[in-house]
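*Asks:* mmCIF, C-alpha atoms, saved as structure26.cif, coming up:
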data_my_file
loop_
_atom_site.label_atom_id
_atom_site.label_comp_id
_atom_site.auth_asym_id
_atom_site.auth_seq_id
_atom_site.Cartn_x
_atom_site.Cartn_y
_atom_site.Cartn_z
CA MET A 645 -96.68 -7.45 60.12
CA ASN A 646 -100.36 -6.44 60.25
CA TYR A 647 -100.67 -2.80 59.14
CA CYS A 648 -99.14 -0.70 56.35
CA SER A 649 -96.31 1.40 57.78
CA HIS A 650 -96.96 4.00 55.09
CA CYS A 651 -100.75 4.59 55.34
CA GLY A 652 -101.88 2.50 58.35
CA ALA A 653 -104.37 0.27 56.48
CA PRO A 654 -104.53 -3.49 57.21
CA LEU A 655 -102.19 -5.62 55.05
CA SER A 656 -102.86 -8.72 53.01
CA PHE A 657 -100.28 -11.46 52.37
CA ARG A 658 -100.19 -12.69 48.77
CA ILE A 659 -98.01 -13.01 45.69
CA PRO A 660 -97.84 -9.67 43.79
CA PRO A 661 -98.21 -9.76 39.97
CA GLY A 662 -94.90 -10.77 38.38
CA ASP A 663 -93.43 -11.99 41.67
CA SER A 664 -92.95 -15.56 42.89
CA LEU A 665 -93.16 -15.17 46.67
CA PRO A 666 -95.98 -13.91 48.91
CA ARG A 667 -95.43 -10.40 50.31
CA PHE A 668 -97.23 -8.10 52.71
CA ILE A 669 -99.22 -5.82 50.41
CA CYS A 670 -101.29 -2.72 51.18
CA ASP A 671 -104.47 -2.75 49.11
CA GLN A 672 -105.16 0.87 50.07
CA CYS A 673 -101.92 2.62 48.99
CA GLY A 674 -100.31 -0.21 46.95
CA THR A 675 -97.07 -0.42 48.94
CA ILE A 676 -95.37 -3.83 48.89
CA HIS A 677 -93.47 -4.45 52.13
CA TYR A 678 -90.45 -6.62 51.32
CA GLN A 679 -88.63 -8.40 54.13
CA ASN A 680 -84.97 -9.26 53.65
CA PRO A 681 -82.09 -10.77 55.62
CA ARG A 682 -80.02 -8.56 57.88
CA MET A 683 -76.23 -8.47 58.13
CA VAL A 684 -74.48 -8.98 61.46
CA ILE A 685 -70.94 -7.63 61.11
CA GLY A 686 -67.93 -7.81 63.39
CA CYS A 687 -64.23 -8.55 63.56
CA ILE A 688 -61.44 -10.62 65.11
CA PRO A 689 -59.41 -7.97 66.98
CA GLU A 690 -55.79 -9.21 67.11
CA TRP A 691 -53.07 -8.12 69.54
CA GLU A 692 -49.80 -10.07 69.26
CA ASP A 693 -50.81 -13.74 69.72
CA LYS A 694 -54.15 -12.88 71.34
CA ILE A 695 -57.65 -11.97 70.21
CA LEU A 696 -60.28 -9.91 71.98
CA LEU A 697 -63.55 -11.53 73.04
CA CYS A 698 -66.62 -10.03 74.76
CA ARG A 699 -68.86 -11.78 77.29
CA ARG A 700 -72.46 -10.96 76.43
CA ALA A 701 -74.55 -8.87 78.84
CA ILE A 702 -77.67 -9.30 76.69
CA GLU A 703 -79.83 -12.08 75.29
CA PRO A 704 -79.53 -14.24 73.32
CA ARG A 705 -76.66 -16.16 74.96
CA HIS A 706 -76.25 -13.89 77.97
CA GLY A 707 -72.98 -14.73 79.74
CA PHE A 708 -71.39 -16.44 76.70
CA TRP A 709 -68.30 -15.22 74.83
CA THR A 710 -68.41 -13.70 71.35
CA LEU A 711 -66.46 -11.65 68.86
CA PRO A 712 -67.58 -8.00 68.80
CA ALA A 713 -70.36 -7.87 66.16
CA GLY A 714 -73.83 -6.50 65.59
CA PHE A 715 -76.41 -5.38 63.05
CA MET A 716 -75.13 -3.26 60.19
CA GLU A 717 -76.82 0.17 60.15
CA ASN A 718 -78.11 2.16 57.19
CA GLY A 719 -75.57 4.66 55.86
CA GLU A 720 -72.39 2.79 56.70
CA THR A 721 -70.00 0.40 54.94
CA THR A 722 -69.36 -3.17 56.08
CA ALA A 723 -65.93 -2.19 57.45
CA GLU A 724 -67.41 0.82 59.28
CA ALA A 725 -70.03 -1.46 60.84
CA ALA A 726 -67.31 -3.81 62.13
CA ALA A 727 -65.29 -0.96 63.65
CA ARG A 728 -68.37 0.70 65.20
CA GLU A 729 -69.58 -2.52 66.82
CA THR A 730 -66.10 -3.14 68.26
CA LEU A 731 -66.06 0.36 69.73
CA GLU A 732 -69.58 -0.07 71.18
CA GLU A 733 -69.16 -3.55 72.67
CA ALA A 734 -65.49 -3.48 73.69
CA SER A 735 -64.65 0.26 73.74
CA ALA A 736 -61.81 -0.83 71.45
CA ARG A 737 -60.25 0.91 68.48
CA VAL A 738 -59.34 -1.37 65.58
CA GLU A 739 -57.96 -1.09 62.09
CA ILE A 740 -60.21 -3.28 59.96
CA GLY A 741 -58.30 -5.67 57.67
CA THR A 742 -59.46 -8.23 55.12
CA ALA A 743 -62.86 -9.94 55.14
CA PHE A 744 -62.41 -13.35 56.75
CA SER A 745 -65.70 -15.27 57.02
CA MET A 746 -69.31 -15.02 55.90
CA PHE A 747 -72.01 -17.38 57.16
CA SER A 748 -75.64 -17.52 56.02
CA LEU A 749 -78.17 -18.38 58.75
CA PRO A 750 -81.33 -18.86 56.65
CA HIS A 751 -83.43 -20.01 59.63
CA ILE A 752 -83.10 -16.57 61.23
CA ASN A 753 -82.66 -14.49 58.05
CA GLN A 754 -79.16 -13.30 58.89
CA VAL A 755 -75.74 -13.15 57.23
CA HIS A 756 -72.77 -12.97 59.60
CA LEU A 757 -69.65 -11.28 58.22
CA LEU A 758 -66.38 -11.12 60.16
CA PHE A 759 -63.24 -9.17 59.26
CA ARG A 760 -59.70 -9.56 60.51
CA ALA A 761 -58.65 -6.49 62.51
CA ARG A 762 -55.66 -5.02 64.33
CA LEU A 763 -56.35 -3.82 67.88
CA LEU A 764 -54.74 -0.37 68.09
CA ASP A 765 -54.27 -0.06 71.86
CA LEU A 766 -55.07 -1.85 75.13
CA ASP A 767 -57.61 0.69 76.42
CA TYR A 768 -60.54 -1.67 75.90
CA ALA A 769 -63.40 -2.04 78.36
CA ALA A 770 -66.83 -3.64 78.55
CA GLY A 771 -69.46 -1.65 76.63
CA SER A 772 -73.09 -1.62 77.79
CA GLU A 773 -73.82 -4.91 75.98
CA SER A 774 -70.80 -6.73 77.47
CA LEU A 775 -70.13 -8.11 80.98
CA GLU A 776 -66.38 -8.24 80.39
CA VAL A 777 -63.85 -7.99 77.58
CA GLU A 778 -60.64 -10.01 77.56
CA LEU A 779 -57.67 -10.97 75.38
CA PHE A 780 -57.27 -14.73 74.82
CA ARG A 781 -54.42 -16.87 73.51
CA GLU A 782 -55.55 -19.81 71.35
CA ALA A 783 -54.97 -22.27 74.20
CA ASP A 784 -57.28 -20.23 76.44
CA ILE A 785 -60.23 -19.67 74.05
CA PRO A 786 -63.42 -20.63 75.97
CA TRP A 787 -64.66 -22.99 73.23
CA ASP A 788 -67.39 -24.47 75.44
CA THR A 789 -68.90 -21.11 76.27
CA LEU A 790 -68.77 -19.37 72.88
CA ALA A 791 -72.12 -17.74 72.06
CA PHE A 792 -72.68 -18.62 68.39
CA SER A 793 -71.63 -21.18 65.76
CA SER A 794 -70.55 -18.35 63.44
CA VAL A 795 -68.03 -17.31 66.12
CA SER A 796 -66.69 -20.82 66.82
CA ASN A 797 -66.49 -21.64 63.09
CA THR A 798 -64.72 -18.36 62.40
CA LEU A 799 -62.17 -18.96 65.16
CA ARG A 800 -61.51 -22.54 64.01
CA HIS A 801 -60.81 -21.26 60.47
CA PHE A 802 -58.71 -18.43 61.90
CA TYR A 803 -56.32 -20.68 63.82
CA ALA A 804 -56.18 -23.24 60.98
CA ASP A 805 -55.25 -20.46 58.53
CA GLN A 806 -52.73 -19.04 61.01
CA ARG A 807 -50.95 -22.42 61.10
CA LYS A 808 -50.97 -22.55 57.29
CA GLY A 809 -49.51 -19.04 57.21
CA SER A 810 -52.21 -17.88 54.77
CA TYR A 811 -55.66 -16.45 55.48
CA GLY A 812 -58.59 -17.18 53.15
CA PHE A 813 -62.18 -15.94 52.93
CA HIS A 814 -64.50 -18.60 54.32
CA VAL A 815 -68.11 -18.80 53.14
CA GLY A 816 -70.58 -21.22 54.68
CA GLU A 817 -74.03 -21.93 56.04
CA ILE A 818 -75.17 -22.44 59.61
CA SER A 819 -78.47 -24.32 59.76
CA ALA A 820 -80.89 -24.40 62.67
CA ALA A 821 -79.65 -27.92 63.40
CA SER A 822 -75.98 -26.94 63.54
CA GLU A 823 -76.54 -23.75 65.56
CA ARG A 824 -75.72 -24.22 69.22
CA ILE A 825 -78.78 -22.36 70.42
CA MET B 753 -92.54 4.98 57.83
CA ASN B 754 -95.57 6.55 59.54
CA TYR B 755 -97.55 3.78 61.27
CA CYS B 756 -96.68 0.76 63.41
CA SER B 757 -96.81 -2.37 61.21
CA HIS B 758 -97.65 -4.40 64.34
CA CYS B 759 -100.54 -2.41 65.91
CA GLY B 760 -101.29 0.39 63.42
CA ALA B 761 -100.64 3.33 65.80
CA PRO B 762 -98.72 6.42 64.59
CA LEU B 763 -94.93 6.19 65.07
CA SER B 764 -92.50 8.61 66.61
CA PHE B 765 -88.84 8.97 65.55
CA ARG B 766 -86.40 9.23 68.45
CA ILE B 767 -83.43 7.57 70.13
CA PRO B 768 -84.55 4.60 72.27
CA PRO B 769 -83.03 4.24 75.79
CA GLY B 770 -79.57 2.66 75.54
CA ASP B 771 -79.35 3.22 71.78
CA SER B 772 -77.35 5.84 69.87
CA LEU B 773 -79.42 6.34 66.73
CA PRO B 774 -83.01 7.55 66.22
CA ARG B 775 -85.49 4.78 65.34
CA PHE B 776 -89.15 4.56 64.46
CA ILE B 777 -90.83 3.69 67.77
CA CYS B 778 -94.44 2.76 68.55
CA ASP B 779 -95.51 4.43 71.78
CA GLN B 780 -98.66 2.26 71.88
CA CYS B 781 -97.20 -1.28 71.66
CA GLY B 782 -93.50 -0.50 72.25
CA THR B 783 -92.18 -2.02 69.01
CA ILE B 784 -88.95 -0.50 67.71
CA HIS B 785 -88.80 -0.66 63.91
CA TYR B 786 -85.15 -1.04 62.90
CA GLN B 787 -84.12 -0.35 59.30
CA ASN B 788 -81.03 -2.09 57.95
CA PRO B 789 -79.13 -2.40 54.66
CA ARG B 790 -80.21 -5.00 52.14
CA MET B 791 -77.98 -7.39 50.23
CA VAL B 792 -78.03 -7.53 46.43
CA ILE B 793 -76.47 -10.84 45.38
CA GLY B 794 -75.47 -12.22 42.01
CA CYS B 795 -72.72 -13.94 40.08
CA ILE B 796 -70.35 -13.88 37.12
CA PRO B 797 -71.56 -16.83 35.02
CA GLU B 798 -68.53 -18.16 33.08
CA TRP B 799 -68.60 -20.28 29.92
CA GLU B 800 -65.15 -20.91 28.39
CA ASP B 801 -63.69 -17.42 27.78
CA LYS B 802 -67.07 -15.68 27.99
CA ILE B 803 -69.37 -14.36 30.72
CA LEU B 804 -73.14 -13.97 30.69
CA LEU B 805 -74.67 -10.50 30.95
CA CYS B 806 -78.32 -9.41 31.07
CA ARG B 807 -79.78 -6.25 29.54
CA ARG B 808 -82.21 -4.75 32.03
CA ALA B 809 -85.93 -4.60 31.23
CA ILE B 810 -86.68 -2.67 34.44
CA GLU B 811 -85.68 0.55 36.15
CA PRO B 812 -83.24 1.67 37.37
CA ARG B 813 -80.93 1.59 34.34
CA HIS B 814 -83.45 0.13 31.89
CA GLY B 815 -81.63 -1.00 28.73
CA PHE B 816 -78.20 -1.22 30.38
CA TRP B 817 -76.17 -4.40 30.87
CA THR B 818 -75.62 -6.08 34.22
CA LEU B 819 -74.57 -9.29 35.90
CA PRO B 820 -77.55 -11.37 37.07
CA ALA B 821 -78.22 -10.17 40.66
CA GLY B 822 -81.04 -9.12 42.94
CA PHE B 823 -82.24 -8.76 46.52
CA MET B 824 -81.48 -11.68 48.83
CA GLU B 825 -84.69 -13.23 50.20
CA ASN B 826 -85.43 -14.44 53.73
CA GLY B 827 -84.81 -18.15 54.20
CA GLU B 828 -81.97 -18.58 51.71
CA THR B 829 -78.16 -18.58 51.77
CA THR B 830 -76.02 -16.09 49.87
CA ALA B 831 -75.08 -18.76 47.30
CA GLU B 832 -78.71 -19.80 46.88
CA ALA B 833 -79.66 -16.16 46.28
CA ALA B 834 -77.02 -15.85 43.54
CA ALA B 835 -78.21 -19.04 41.78
CA ARG B 836 -81.90 -18.08 42.09
CA GLU B 837 -81.38 -14.60 40.65
CA THR B 838 -79.42 -16.08 37.73
CA LEU B 839 -82.25 -18.49 37.02
CA GLU B 840 -84.87 -15.71 37.26
CA GLU B 841 -83.08 -13.09 35.16
CA ALA B 842 -81.26 -15.28 32.62
CA SER B 843 -83.09 -18.64 32.85
CA ALA B 844 -79.58 -19.98 33.40
CA ARG B 845 -78.35 -22.79 35.61
CA VAL B 846 -75.04 -22.13 37.37
CA GLU B 847 -72.77 -23.81 39.87
CA ILE B 848 -71.87 -21.10 42.35
CA GLY B 849 -68.14 -20.87 43.11
CA THR B 850 -66.12 -18.63 45.41
CA ALA B 851 -67.22 -15.20 46.62
CA PHE B 852 -65.50 -12.62 44.42
CA SER B 853 -66.51 -9.06 45.33
CA MET B 854 -68.46 -7.15 47.96
CA PHE B 855 -69.26 -3.45 47.66
CA SER B 856 -70.96 -1.27 50.24
CA LEU B 857 -73.24 1.45 48.85
CA PRO B 858 -74.02 3.43 52.01
CA HIS B 859 -75.95 6.16 50.17
CA ILE B 860 -78.64 3.62 49.19
CA ASN B 861 -78.26 1.20 52.14
CA GLN B 862 -77.14 -1.76 50.04
CA VAL B 863 -74.32 -4.30 50.00
CA HIS B 864 -73.61 -5.90 46.61
CA LEU B 865 -72.08 -9.38 46.72
CA LEU B 866 -70.96 -11.24 43.58
CA PHE B 867 -69.78 -14.84 43.31
CA ARG B 868 -67.83 -16.55 40.56
CA ALA B 869 -70.00 -19.19 38.87
CA ARG B 870 -69.86 -21.89 36.18
CA LEU B 871 -72.61 -21.76 33.59
CA LEU B 872 -73.86 -25.35 33.27
CA ASP B 873 -75.45 -25.23 29.81
CA LEU B 874 -76.30 -22.82 27.00
CA ASP B 875 -80.08 -22.92 27.42
CA TYR B 876 -80.23 -19.39 28.80
CA ALA B 877 -82.91 -16.87 27.84
CA ALA B 878 -84.18 -13.47 28.94
CA GLY B 879 -86.24 -13.66 32.13
CA SER B 880 -89.07 -11.20 32.75
CA GLU B 881 -86.67 -8.56 34.10
CA SER B 882 -84.27 -8.82 31.12
CA LEU B 883 -84.55 -7.60 27.52
CA GLU B 884 -81.82 -9.96 26.33
CA VAL B 885 -79.10 -12.21 27.71
CA GLU B 886 -75.80 -12.70 25.94
CA LEU B 887 -72.31 -14.21 26.35
CA PHE B 888 -69.45 -11.72 26.02
CA ARG B 889 -65.71 -12.09 25.53
CA GLU B 890 -63.62 -9.54 27.42
CA ALA B 891 -62.98 -7.54 24.22
CA ASP B 892 -66.73 -7.25 23.65
CA ILE B 893 -67.88 -6.23 27.17
CA PRO B 894 -70.17 -3.17 26.75
CA TRP B 895 -68.25 -1.08 29.29
CA ASP B 896 -70.04 2.14 28.33
CA THR B 897 -73.49 0.70 28.86
CA LEU B 898 -72.98 -1.29 32.07
CA ALA B 899 -75.76 -0.57 34.57
CA PHE B 900 -73.92 -0.18 37.88
CA SER B 901 -70.48 0.65 39.29
CA SER B 902 -70.52 -2.56 41.32
CA VAL B 903 -70.78 -4.48 38.03
CA SER B 904 -68.04 -2.55 36.20
CA ASN B 905 -65.72 -2.68 39.25
CA THR B 906 -66.34 -6.41 39.63
CA LEU B 907 -65.59 -7.08 35.96
CA ARG B 908 -62.42 -4.97 36.07
CA HIS B 909 -61.18 -6.99 39.08
CA PHE B 910 -62.27 -10.22 37.37
CA TYR B 911 -60.20 -9.68 34.23
CA ALA B 912 -57.23 -8.32 36.21
CA ASP B 913 -57.27 -11.43 38.43
CA GLN B 914 -57.66 -13.66 35.36
CA ARG B 915 -54.47 -12.19 33.91
CA LYS B 916 -52.69 -12.73 37.25
CA GLY B 917 -53.93 -16.33 37.29
CA SER B 918 -55.27 -15.93 40.82
CA TYR B 919 -58.68 -14.73 42.00
CA GLY B 920 -59.04 -12.73 45.22
CA PHE B 921 -62.01 -11.45 47.23
CA HIS B 922 -62.46 -7.75 46.59
CA VAL B 923 -64.10 -5.52 49.21
CA GLY B 924 -64.82 -1.87 48.54
CA GLU B 925 -67.16 1.08 48.76
CA ILE B 926 -69.16 2.78 46.05
CA SER B 927 -70.15 6.30 47.07
CA ALA B 928 -72.94 8.38 45.59
CA ALA B 929 -70.25 10.41 43.79
CA SER B 930 -68.59 7.38 42.19
CA GLU B 931 -71.84 5.66 41.21
CA ARG B 932 -72.65 6.11 37.54
CA ILE B 933 -76.31 6.87 38.16
#
Now, as a test, write the supplied structure out as structure tokens.

*Replies:*
Amino acid sequence: MNYCSHCGAPLSFRIPPGDSLPRFICDQCGTIHYQNPRMVIGCIPEWEDKILLCRRAIEPRHGFWTLPAGFMENGETTAEAAARETLEEASARVEIGTAFSMFSLPHINQVHLLFRARLLDLDYAAGSESLEVELFREADIPWDTLAFSSVSNTLRHFYADQRKGSYGFHVGEISAASERI
Amino acid sequence: MNYCSHCGAPLSFRIPPGDSLPRFICDQCGTIHYQNPRMVIGCIPEWEDKILLCRRAIEPRHGFWTLPAGFMENGETTAEAAARETLEEASARVEIGTAFSMFSLPHINQVHLLFRARLLDLDYAAGSESLEVELFREADIPWDTLAFSSVSNTLRHFYADQRKGSYGFHVGEISAASERI
């Protein structure tokens, strides 16, 4: 961040009065440009004893499998974001259920939130960001080629909870060291 | 948003190739400036049968009561954000517990996330953004002068769950119409 997006003047980087962290500040118009984490939201689309995974057609982790998820947009709710991303990446219609997992990734300023979801029909197909979309039984989950730790952790909790017969809400952290990429 | 924060050139607002929503785009350096919701994170600090509320010294809702909460910063986890905001606004040390409520506020591009928390000592005091900080029993909660719907909804769920003897994770939406302000 070099220039003020409001007035175009060069920015300085310092702690504003009354604040405790350095921010990008415009000395011309006074705007303080805060930078905050972004939410990546998706779901676990369930159909009988299977779940729907997408193989990524984009970087990072091109060619690896993931749950449908992506950046939450302005103007939507968390559940709407999960349903929209599932429609975009897997052309799949889901009924969003309970929130299931939330992982902080402080090294990349993201929070990953996954919901349980019910796949409403089998008319899914690869969206523009997916190479293929497929239903997997637990025994067939491609654990070694999952794209992200938030996905593998979520699926491990999901099958553990399924065996217990009770689904919780799982909150955790994924550090740079524990991330697969 | 008028100018590119990377190179300083004027921005245009249009749908990038392969996207579905209009974005601020720099035609000089090619940067696409995405805008995404921000997370406001806090907690319900509990001490015996009381919880800690802060009376706001800043707008919006100056003079109204709220749970300690604020914008999540880059480089921290959701639980760290909740503890930091509680320290800043109430000079209070807490042990963050389970996630308790999450409200989407699509009209202002925010997600409010509140954790349960255990207040560790009684050495709390008003931080620079608070006029006063006080412990309240349920019967004394200032329902009519609470600052935000996410706070009043969270506290209603909290006391309902307390009576049930079991605390859930509550996900919901607060629309412009249902917001108090």

*Asks:* The coordinates of chain B, once least-squares superposed on chain A over all sequentially paired C-alpha atoms, should be supplied as a short mmCIF file (atom, residue, chain, number, x, y, z; two decimals) with C-alpha atoms, in the frame of the given file.

*Replies:*
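Writing done, so here's out12.cif:
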data_model
loop_
_atom_site.label_atom_id
_atom_site.label_comp_id
_atom_site.auth_asym_id
_atom_site.auth_seq_id
_atom_site.Cartn_x
_atom_site.Cartn_y
_atom_site.Cartn_z
CA MET B 753 -96.68 -7.42 60.11
CA ASN B 754 -100.36 -6.41 60.24
CA TYR B 755 -100.65 -2.77 59.13
CA CYS B 756 -99.16 -0.66 56.34
CA SER B 757 -96.29 1.42 57.79
CA HIS B 758 -96.95 4.03 55.07
CA CYS B 759 -100.75 4.60 55.33
CA GLY B 760 -101.87 2.52 58.33
CA ALA B 761 -104.37 0.29 56.46
CA PRO B 762 -104.54 -3.47 57.19
CA LEU B 763 -102.20 -5.59 55.03
CA SER B 764 -102.87 -8.69 53.01
CA PHE B 765 -100.29 -11.44 52.37
CA ARG B 766 -100.20 -12.68 48.77
CA ILE B 767 -98.02 -12.99 45.68
CA PRO B 768 -97.82 -9.67 43.80
CA PRO B 769 -98.20 -9.75 39.97
CA GLY B 770 -94.90 -10.76 38.36
CA ASP B 771 -93.43 -11.97 41.66
CA SER B 772 -92.94 -15.55 42.89
CA LEU B 773 -93.17 -15.16 46.66
CA PRO B 774 -95.99 -13.91 48.92
CA ARG B 775 -95.43 -10.40 50.33
CA PHE B 776 -97.23 -8.09 52.70
CA ILE B 777 -99.23 -5.81 50.40
CA CYS B 778 -101.29 -2.70 51.17
CA ASP B 779 -104.47 -2.74 49.10
CA GLN B 780 -105.16 0.91 50.05
CA CYS B 781 -101.90 2.64 48.98
CA GLY B 782 -100.30 -0.18 46.94
CA THR B 783 -97.06 -0.41 48.93
CA ILE B 784 -95.38 -3.82 48.89
CA HIS B 785 -93.48 -4.44 52.13
CA TYR B 786 -90.47 -6.62 51.32
CA GLN B 787 -88.63 -8.41 54.14
CA ASN B 788 -84.97 -9.26 53.64
CA PRO B 789 -82.09 -10.79 55.62
CA ARG B 790 -80.02 -8.57 57.87
CA MET B 791 -76.24 -8.49 58.14
CA VAL B 792 -74.49 -9.00 61.47
CA ILE B 793 -70.94 -7.65 61.12
CA GLY B 794 -67.93 -7.81 63.40
CA CYS B 795 -64.24 -8.56 63.56
CA ILE B 796 -61.44 -10.61 65.11
CA PRO B 797 -59.42 -7.97 66.99
CA GLU B 798 -55.79 -9.20 67.11
CA TRP B 799 -53.08 -8.09 69.55
CA GLU B 800 -49.81 -10.04 69.24
CA ASP B 801 -50.80 -13.71 69.72
CA LYS B 802 -54.14 -12.87 71.35
CA ILE B 803 -57.65 -11.96 70.21
CA LEU B 804 -60.28 -9.89 71.99
CA LEU B 805 -63.55 -11.52 73.04
CA CYS B 806 -66.61 -10.03 74.76
CA ARG B 807 -68.84 -11.77 77.29
CA ARG B 808 -72.45 -10.96 76.46
CA ALA B 809 -74.55 -8.87 78.85
CA ILE B 810 -77.68 -9.31 76.70
CA GLU B 811 -79.83 -12.09 75.30
CA PRO B 812 -79.53 -14.26 73.33
CA ARG B 813 -76.65 -16.18 74.95
CA HIS B 814 -76.24 -13.91 77.97
CA GLY B 815 -72.96 -14.73 79.74
CA PHE B 816 -71.37 -16.44 76.72
CA TRP B 817 -68.30 -15.22 74.83
CA THR B 818 -68.40 -13.71 71.36
CA LEU B 819 -66.46 -11.65 68.86
CA PRO B 820 -67.58 -8.00 68.81
CA ALA B 821 -70.36 -7.87 66.16
CA GLY B 822 -73.84 -6.50 65.61
CA PHE B 823 -76.43 -5.41 63.06
CA MET B 824 -75.15 -3.27 60.19
CA GLU B 825 -76.83 0.16 60.16
CA ASN B 826 -78.12 2.15 57.19
CA GLY B 827 -75.61 4.65 55.86
CA GLU B 828 -72.41 2.77 56.70
CA THR B 829 -70.02 0.38 54.94
CA THR B 830 -69.37 -3.18 56.08
CA ALA B 831 -65.94 -2.18 57.46
CA GLU B 832 -67.41 0.81 59.27
CA ALA B 833 -70.03 -1.45 60.85
CA ALA B 834 -67.32 -3.82 62.12
CA ALA B 835 -65.29 -0.95 63.65
CA ARG B 836 -68.38 0.69 65.20
CA GLU B 837 -69.59 -2.52 66.83
CA THR B 838 -66.10 -3.14 68.26
CA LEU B 839 -66.07 0.35 69.73
CA GLU B 840 -69.59 -0.07 71.17
CA GLU B 841 -69.16 -3.55 72.66
CA ALA B 842 -65.49 -3.46 73.70
CA SER B 843 -64.65 0.27 73.74
CA ALA B 844 -61.82 -0.82 71.46
CA ARG B 845 -60.26 0.92 68.48
CA VAL B 846 -59.35 -1.36 65.57
CA GLU B 847 -57.97 -1.08 62.07
CA ILE B 848 -60.21 -3.28 59.96
CA GLY B 849 -58.32 -5.66 57.66
CA THR B 850 -59.48 -8.24 55.13
CA ALA B 851 -62.87 -9.94 55.15
CA PHE B 852 -62.41 -13.36 56.75
CA SER B 853 -65.70 -15.27 57.02
CA MET B 854 -69.32 -15.04 55.91
CA PHE B 855 -72.02 -17.40 57.17
CA SER B 856 -75.62 -17.54 56.04
CA LEU B 857 -78.16 -18.41 58.75
CA PRO B 858 -81.32 -18.88 56.66
CA HIS B 859 -83.44 -20.05 59.61
CA ILE B 860 -83.11 -16.60 61.24
CA ASN B 861 -82.67 -14.50 58.06
CA GLN B 862 -79.16 -13.32 58.90
CA VAL B 863 -75.75 -13.17 57.23
CA HIS B 864 -72.78 -12.98 59.61
CA LEU B 865 -69.67 -11.29 58.23
CA LEU B 866 -66.38 -11.12 60.17
CA PHE B 867 -63.25 -9.17 59.26
CA ARG B 868 -59.70 -9.57 60.50
CA ALA B 869 -58.67 -6.50 62.51
CA ARG B 870 -55.68 -5.00 64.34
CA LEU B 871 -56.35 -3.82 67.87
CA LEU B 872 -54.75 -0.36 68.09
CA ASP B 873 -54.28 -0.05 71.86
CA LEU B 874 -55.08 -1.82 75.12
CA ASP B 875 -57.61 0.70 76.42
CA TYR B 876 -60.54 -1.65 75.89
CA ALA B 877 -63.40 -2.04 78.36
CA ALA B 878 -66.84 -3.63 78.55
CA GLY B 879 -69.46 -1.65 76.64
CA SER B 880 -73.08 -1.63 77.79
CA GLU B 881 -73.82 -4.91 75.98
CA SER B 882 -70.79 -6.73 77.48
CA LEU B 883 -70.13 -8.10 80.97
CA GLU B 884 -66.37 -8.23 80.39
CA VAL B 885 -63.85 -7.99 77.57
CA GLU B 886 -60.65 -10.00 77.56
CA LEU B 887 -57.66 -10.98 75.38
CA PHE B 888 -57.26 -14.72 74.82
CA ARG B 889 -54.43 -16.87 73.51
CA GLU B 890 -55.54 -19.80 71.36
CA ALA B 891 -54.96 -22.27 74.22
CA ASP B 892 -57.27 -20.23 76.45
CA ILE B 893 -60.22 -19.67 74.05
CA PRO B 894 -63.41 -20.63 75.97
CA TRP B 895 -64.64 -22.98 73.24
CA ASP B 896 -67.37 -24.47 75.44
CA THR B 897 -68.90 -21.12 76.27
CA LEU B 898 -68.76 -19.38 72.88
CA ALA B 899 -72.10 -17.75 72.06
CA PHE B 900 -72.66 -18.63 68.40
CA SER B 901 -71.62 -21.18 65.76
CA SER B 902 -70.54 -18.37 63.45
CA VAL B 903 -68.03 -17.31 66.12
CA SER B 904 -66.68 -20.81 66.83
CA ASN B 905 -66.49 -21.65 63.09
CA THR B 906 -64.71 -18.36 62.40
CA LEU B 907 -62.17 -18.96 65.17
CA ARG B 908 -61.52 -22.53 64.01
CA HIS B 909 -60.81 -21.26 60.47
CA PHE B 910 -58.71 -18.42 61.90
CA TYR B 911 -56.33 -20.67 63.83
CA ALA B 912 -56.18 -23.23 60.99
CA ASP B 913 -55.24 -20.46 58.53
CA GLN B 914 -52.72 -19.05 61.01
CA ARG B 915 -50.96 -22.42 61.11
CA LYS B 916 -50.98 -22.55 57.29
CA GLY B 917 -49.53 -19.04 57.19
CA SER B 918 -52.21 -17.89 54.76
CA TYR B 919 -55.67 -16.46 55.46
CA GLY B 920 -58.59 -17.19 53.14
CA PHE B 921 -62.19 -15.95 52.92
CA HIS B 922 -64.51 -18.59 54.32
CA VAL B 923 -68.13 -18.80 53.14
CA GLY B 924 -70.58 -21.23 54.68
CA GLU B 925 -74.02 -21.96 56.04
CA ILE B 926 -75.15 -22.46 59.61
CA SER B 927 -78.45 -24.34 59.76
CA ALA B 928 -80.87 -24.42 62.66
CA ALA B 929 -79.62 -27.95 63.39
CA SER B 930 -75.95 -26.97 63.53
CA GLU B 931 -76.50 -23.80 65.55
CA ARG B 932 -75.65 -24.26 69.21
CA ILE B 933 -78.74 -22.43 70.43
#

*Asks:* Under the rule of at most 10 Å, produce a per-residue listing of segment 785-814 of chain B near segment 864-876 of chain B: chain, number, name, the closest pair of atoms, and the distance in Å, as a tab-separated table, using only C-alpha atoms.

*Replies:*
residue	atom	partner	partner_atom	distance
B:Arg790	CA	B:His864	CA	8.7
B:Met791	CA	B:His864	CA	5.9
B:Val792	CA	B:His864	CA	4.7
B:Ile793	CA	B:Leu865	CA	4.8
B:Gly794	CA	B:Leu866	CA	4.9
B:Cys795	CA	B:Phe867	CA	4.5
B:Ile796	CA	B:Arg868	CA	5.0
B:Pro797	CA	B:Ala869	CA	4.8
B:Glu798	CA	B:Arg870	CA	5.0
B:Trp799	CA	B:Leu871	CA	5.6
B:Glu800	CA	B:Leu871	CA	9.1
B:Lys802	CA	B:Leu871	CA	10.0
B:Ile803	CA	B:Leu871	CA	8.6
B:Leu804	CA	B:Leu871	CA	8.3

*Asks:* How many Å separate atom CA of Thr783 of chain B from atom CA of Glu720 of chain A?

*Replies:*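 For atom CA of Thr783 of chain B relative to atom CA of Glu720 of chain A, the distance reads 23.8 Å.
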